[in-house]
>>> print(open('data14.txt').read())   # compact mmCIF, C-alpha atoms
# COMPACT_ATOMS: atom_id res chain seq x y z
CA MET A 199 0.00 0.00 0.00
CA PHE A 200 2.79 2.45 0.88
CA ASP A 201 4.56 1.69 -2.38
CA SER A 202 1.57 2.90 -4.37
CA ILE A 203 1.47 6.14 -2.37
CA LYS A 204 5.16 6.80 -3.08
CA ASN A 205 4.49 6.67 -6.82
CA LEU A 206 1.85 9.40 -6.83
CA LYS A 207 2.91 12.59 -8.61
CA ILE A 208 1.85 14.84 -5.76
CA VAL A 209 3.89 12.83 -3.25
CA LYS A 210 6.94 12.98 -5.50
CA LYS A 211 6.48 16.74 -5.96
CA LEU A 212 6.15 17.30 -2.21
CA ASN A 213 9.19 15.16 -1.55
CA GLU A 214 11.28 17.16 -4.04
CA THR A 215 10.25 20.56 -2.70
CA ILE A 216 10.19 19.82 1.01
CA SER A 217 13.24 17.57 1.25
CA PRO A 218 15.91 20.34 1.11
CA LYS A 219 13.99 22.43 3.65
CA LEU A 220 13.61 19.49 6.00
CA ARG A 221 17.29 18.62 5.70
CA TRP A 222 18.19 22.19 6.54
CA LEU A 223 15.82 22.47 9.50
CA ASN A 224 16.86 19.11 10.87
CA TYR A 225 20.55 19.81 10.67
CA SER A 226 20.40 23.44 11.79
CA ASN A 227 18.80 22.33 15.03
CA ILE A 228 21.51 19.74 15.64
CA VAL A 229 24.73 21.47 14.58
CA LYS A 230 25.94 24.94 15.46
CA ASP A 231 29.12 24.85 13.31
CA LYS A 232 27.87 26.00 9.92
CA THR A 233 31.28 25.76 8.25
CA SER A 234 31.70 22.02 8.67
CA PRO A 235 31.54 19.74 5.63
CA GLU A 236 28.79 17.73 7.34
CA TYR A 237 26.59 20.82 7.60
CA ILE A 238 27.13 21.77 3.96
CA LYS A 239 26.44 18.19 2.88
CA MET A 240 23.24 18.04 4.92
CA VAL A 241 21.90 21.38 3.71
CA SER A 242 22.85 21.04 0.05
CA GLY A 243 22.40 17.31 -0.37
CA VAL A 244 25.72 17.21 -2.24
CA GLU A 245 27.94 14.33 -1.17
CA ASP A 246 31.34 15.76 -2.09
CA ILE A 247 32.19 19.41 -2.57
CA GLN A 248 34.33 20.05 -5.66
CA THR A 249 36.97 22.13 -3.89
CA THR A 250 37.40 19.52 -1.18
CA SER A 251 37.81 16.71 -3.68
CA ASP A 252 40.30 18.80 -5.68
CA GLU A 253 42.30 19.45 -2.53
CA ARG A 254 42.33 15.75 -1.66
CA ARG A 255 43.55 14.85 -5.15
CA LEU A 256 46.30 17.48 -4.91
CA GLU A 257 47.37 16.14 -1.52
CA ALA A 258 47.47 12.60 -2.90
CA MET A 259 49.66 13.83 -5.77
CA VAL A 260 51.99 15.57 -3.30
CA ARG A 261 52.25 12.42 -1.19
CA GLU A 262 52.98 10.29 -4.26
CA GLN A 263 55.65 12.71 -5.50
CA LEU A 264 57.35 12.83 -2.09
CA LYS A 265 57.37 9.02 -1.88
CA GLU A 266 58.83 8.85 -5.38
CA GLU A 267 61.58 11.37 -4.74
CA PHE A 268 62.41 10.26 -1.19
CA PRO A 269 61.98 6.51 -0.60
CA ASN A 270 60.62 5.52 2.83
CA ILE A 271 59.85 9.12 3.75
CA GLU A 272 56.32 8.15 4.79
CA ASN A 273 57.86 6.34 7.78
CA MET A 274 59.56 9.52 9.08
CA LYS A 275 58.07 11.49 11.95
CA SER A 276 58.06 14.73 9.99
CA TYR A 277 56.31 13.31 6.90
CA GLU A 278 52.89 14.77 7.75
CA LEU A 279 54.46 18.15 8.54
CA LEU A 280 56.26 18.10 5.20
CA VAL A 281 53.04 17.28 3.33
CA ASP A 282 51.26 20.12 5.16
CA ALA A 283 54.08 22.54 4.35
CA VAL A 284 54.05 21.64 0.65
CA MET A 285 50.24 21.97 0.51
CA HIS A 286 50.46 25.34 2.27
CA ASN A 287 53.06 26.61 -0.20
CA LEU A 288 50.98 25.44 -3.18
CA LYS A 289 47.85 27.15 -1.85
CA LYS A 290 49.83 30.31 -1.09
CA LYS A 291 51.21 30.43 -4.64
CA GLN A 292 47.75 29.82 -6.05
CA LEU A 293 46.33 32.71 -4.03
CA GLN A 294 49.17 34.99 -5.11
CA ALA A 295 48.55 34.07 -8.74
CA THR A 296 44.84 34.86 -8.45
CA ASP A 297 45.63 38.16 -6.69
CA ASN A 298 47.89 39.19 -9.58
CA LEU A 299 45.13 38.69 -12.15
CA ASP A 300 43.73 41.93 -13.43
CA ILE A 301 39.98 41.31 -13.63
CA GLU A 302 37.96 44.02 -15.32
>>> encode(input="data14.txt", output="structure tokens")
Amino acid sequence: MFDSIKNLKIVKKLNETISPKLRWLNYSNIVKDKTSPEYIKMVSGVEDIQTTSDERRLEAMVREQLKEEFPNIENMKSYELLVDAVMHNLKKKQLQATDNLDIE
């Protein structure tokens, strides 16, 4: 019986229009940190944010390059600090490059 109700056009329309609002209301009552990826995922319904996935891919590339250039570096204590430093420098250079663009 419930399966036939789910197939009705009006139920589908209500589900499409109310679902984002319900997600937002539900999550806004639970979480106070509105900058967290969980909050953005809950409100938008998007599983993976493009900038986050790009950053993860870049970090994976940095890790692979470091392992290639310096064998067994992943076993060192300072490996995570080195990865963070390289990522920071890349982001800094990217910001400097975007600041130097003359947008009219």
>>> closest_residue(input="data14.txt", among="A:Asn270, A:Ile208, A:Tyr237, A:Lys289", to="Asp252 in chain A", atoms="all atoms listed in the file")
A:Lys289
>>> residues_around(input="data14.txt", residues="range 255-260 of chain A", least_positions_apart="5", cutoff="8 Å", atoms="all atoms listed in the file", output="list in words")
Val281, Val284 and Met285 of chain A
>>> atom_distance(input="data14.txt", atom1="CA of Pro235 in chain A", atom2="CA of Pro218 in chain A")
16.3 Å
>>> atom_distance(input="data14.txt", atom1="CA of Leu220 in chain A", atom2="CA of Ser242 in chain A")
11.1 Å
>>> atom_distance(input="data14.txt", atom1="CA of Gln263 in chain A", atom2="CA of Lys291 in chain A")
18.3 Å
>>> closest_residue(input="data14.txt", among="A:Lys211, A:Asp297, A:Lys275, A:Leu288", to="Glu253 in chain A", atoms="only C-alpha atoms")
A:Leu288
>>> closest_residue(input="data14.txt", among="A:Leu264, A:Leu293, A:Ile238, A:Leu223", to="Leu280 in chain A", atoms="all atoms listed in the file")
A:Leu264
>>> build_atoms(input="data14.txt", residues="range 273-292 of chain A", atoms="N, CA, C and O atoms", output="short mmCIF file (atom, residue, chain, number, x, y, z; two decimals), in the frame of the given file")
data_model
loop_
_atom_site.label_atom_id
_atom_site.label_comp_id
_atom_site.auth_asym_id
_atom_site.auth_seq_id
_atom_site.Cartn_x
_atom_site.Cartn_y
_atom_site.Cartn_z
N ASN A 273 57.60 6.92 6.46
CA ASN A 273 57.86 6.34 7.78
C ASN A 273 58.50 7.35 8.74
O ASN A 273 58.64 7.06 9.93
N MET A 274 58.91 8.49 8.24
CA MET A 274 59.56 9.52 9.08
C MET A 274 58.51 10.24 9.93
O MET A 274 57.35 10.35 9.56
N LYS A 275 58.96 10.76 11.05
CA LYS A 275 58.07 11.49 11.95
C LYS A 275 57.58 12.79 11.33
O LYS A 275 56.47 13.23 11.58
N SER A 276 58.40 13.41 10.52
CA SER A 276 58.06 14.73 9.99
C SER A 276 57.34 14.65 8.64
O SER A 276 57.14 15.69 8.00
N TYR A 277 56.94 13.47 8.21
CA TYR A 277 56.31 13.31 6.90
C TYR A 277 55.02 14.12 6.78
O TYR A 277 54.81 14.84 5.81
N GLU A 278 54.16 14.03 7.79
CA GLU A 278 52.89 14.77 7.75
C GLU A 278 53.13 16.28 7.75
O GLU A 278 52.44 17.03 7.06
N LEU A 279 54.13 16.72 8.52
CA LEU A 279 54.46 18.15 8.54
C LEU A 279 54.97 18.62 7.17
O LEU A 279 54.66 19.71 6.72
N LEU A 280 55.74 17.78 6.52
CA LEU A 280 56.26 18.10 5.20
C LEU A 280 55.12 18.19 4.18
O LEU A 280 55.08 19.11 3.37
N VAL A 281 54.20 17.25 4.23
CA VAL A 281 53.04 17.28 3.33
C VAL A 281 52.23 18.55 3.57
O VAL A 281 51.84 19.25 2.62
N ASP A 282 52.00 18.89 4.84
CA ASP A 282 51.26 20.12 5.16
C ASP A 282 51.98 21.36 4.66
O ASP A 282 51.35 22.29 4.14
N ALA A 283 53.30 21.39 4.80
CA ALA A 283 54.08 22.54 4.35
C ALA A 283 54.02 22.69 2.83
O ALA A 283 53.87 23.81 2.31
N VAL A 284 54.13 21.59 2.11
CA VAL A 284 54.05 21.64 0.65
C VAL A 284 52.66 22.10 0.21
O VAL A 284 52.53 22.95 -0.67
N MET A 285 51.61 21.56 0.85
CA MET A 285 50.24 21.97 0.51
C MET A 285 50.04 23.46 0.80
O MET A 285 49.43 24.18 0.00
N HIS A 286 50.58 23.93 1.93
CA HIS A 286 50.46 25.34 2.27
C HIS A 286 51.14 26.22 1.22
O HIS A 286 50.58 27.24 0.79
N ASN A 287 52.34 25.84 0.81
CA ASN A 287 53.06 26.61 -0.20
C ASN A 287 52.31 26.63 -1.54
O ASN A 287 52.28 27.66 -2.22
N LEU A 288 51.74 25.49 -1.92
CA LEU A 288 50.98 25.44 -3.18
C LEU A 288 49.75 26.35 -3.12
O LEU A 288 49.46 27.08 -4.07
N LYS A 289 49.04 26.30 -2.00
CA LYS A 289 47.85 27.15 -1.85
C LYS A 289 48.24 28.62 -1.83
O LYS A 289 47.55 29.48 -2.39
N LYS A 290 49.35 28.94 -1.17
CA LYS A 290 49.83 30.31 -1.09
C LYS A 290 50.17 30.85 -2.48
O LYS A 290 49.79 31.96 -2.84
N LYS A 291 50.87 30.02 -3.28
CA LYS A 291 51.21 30.43 -4.64
C LYS A 291 49.97 30.59 -5.50
O LYS A 291 49.88 31.50 -6.34
N GLN A 292 48.99 29.72 -5.29
CA GLN A 292 47.75 29.82 -6.05
C GLN A 292 47.01 31.11 -5.71
O GLN A 292 46.50 31.81 -6.59
#
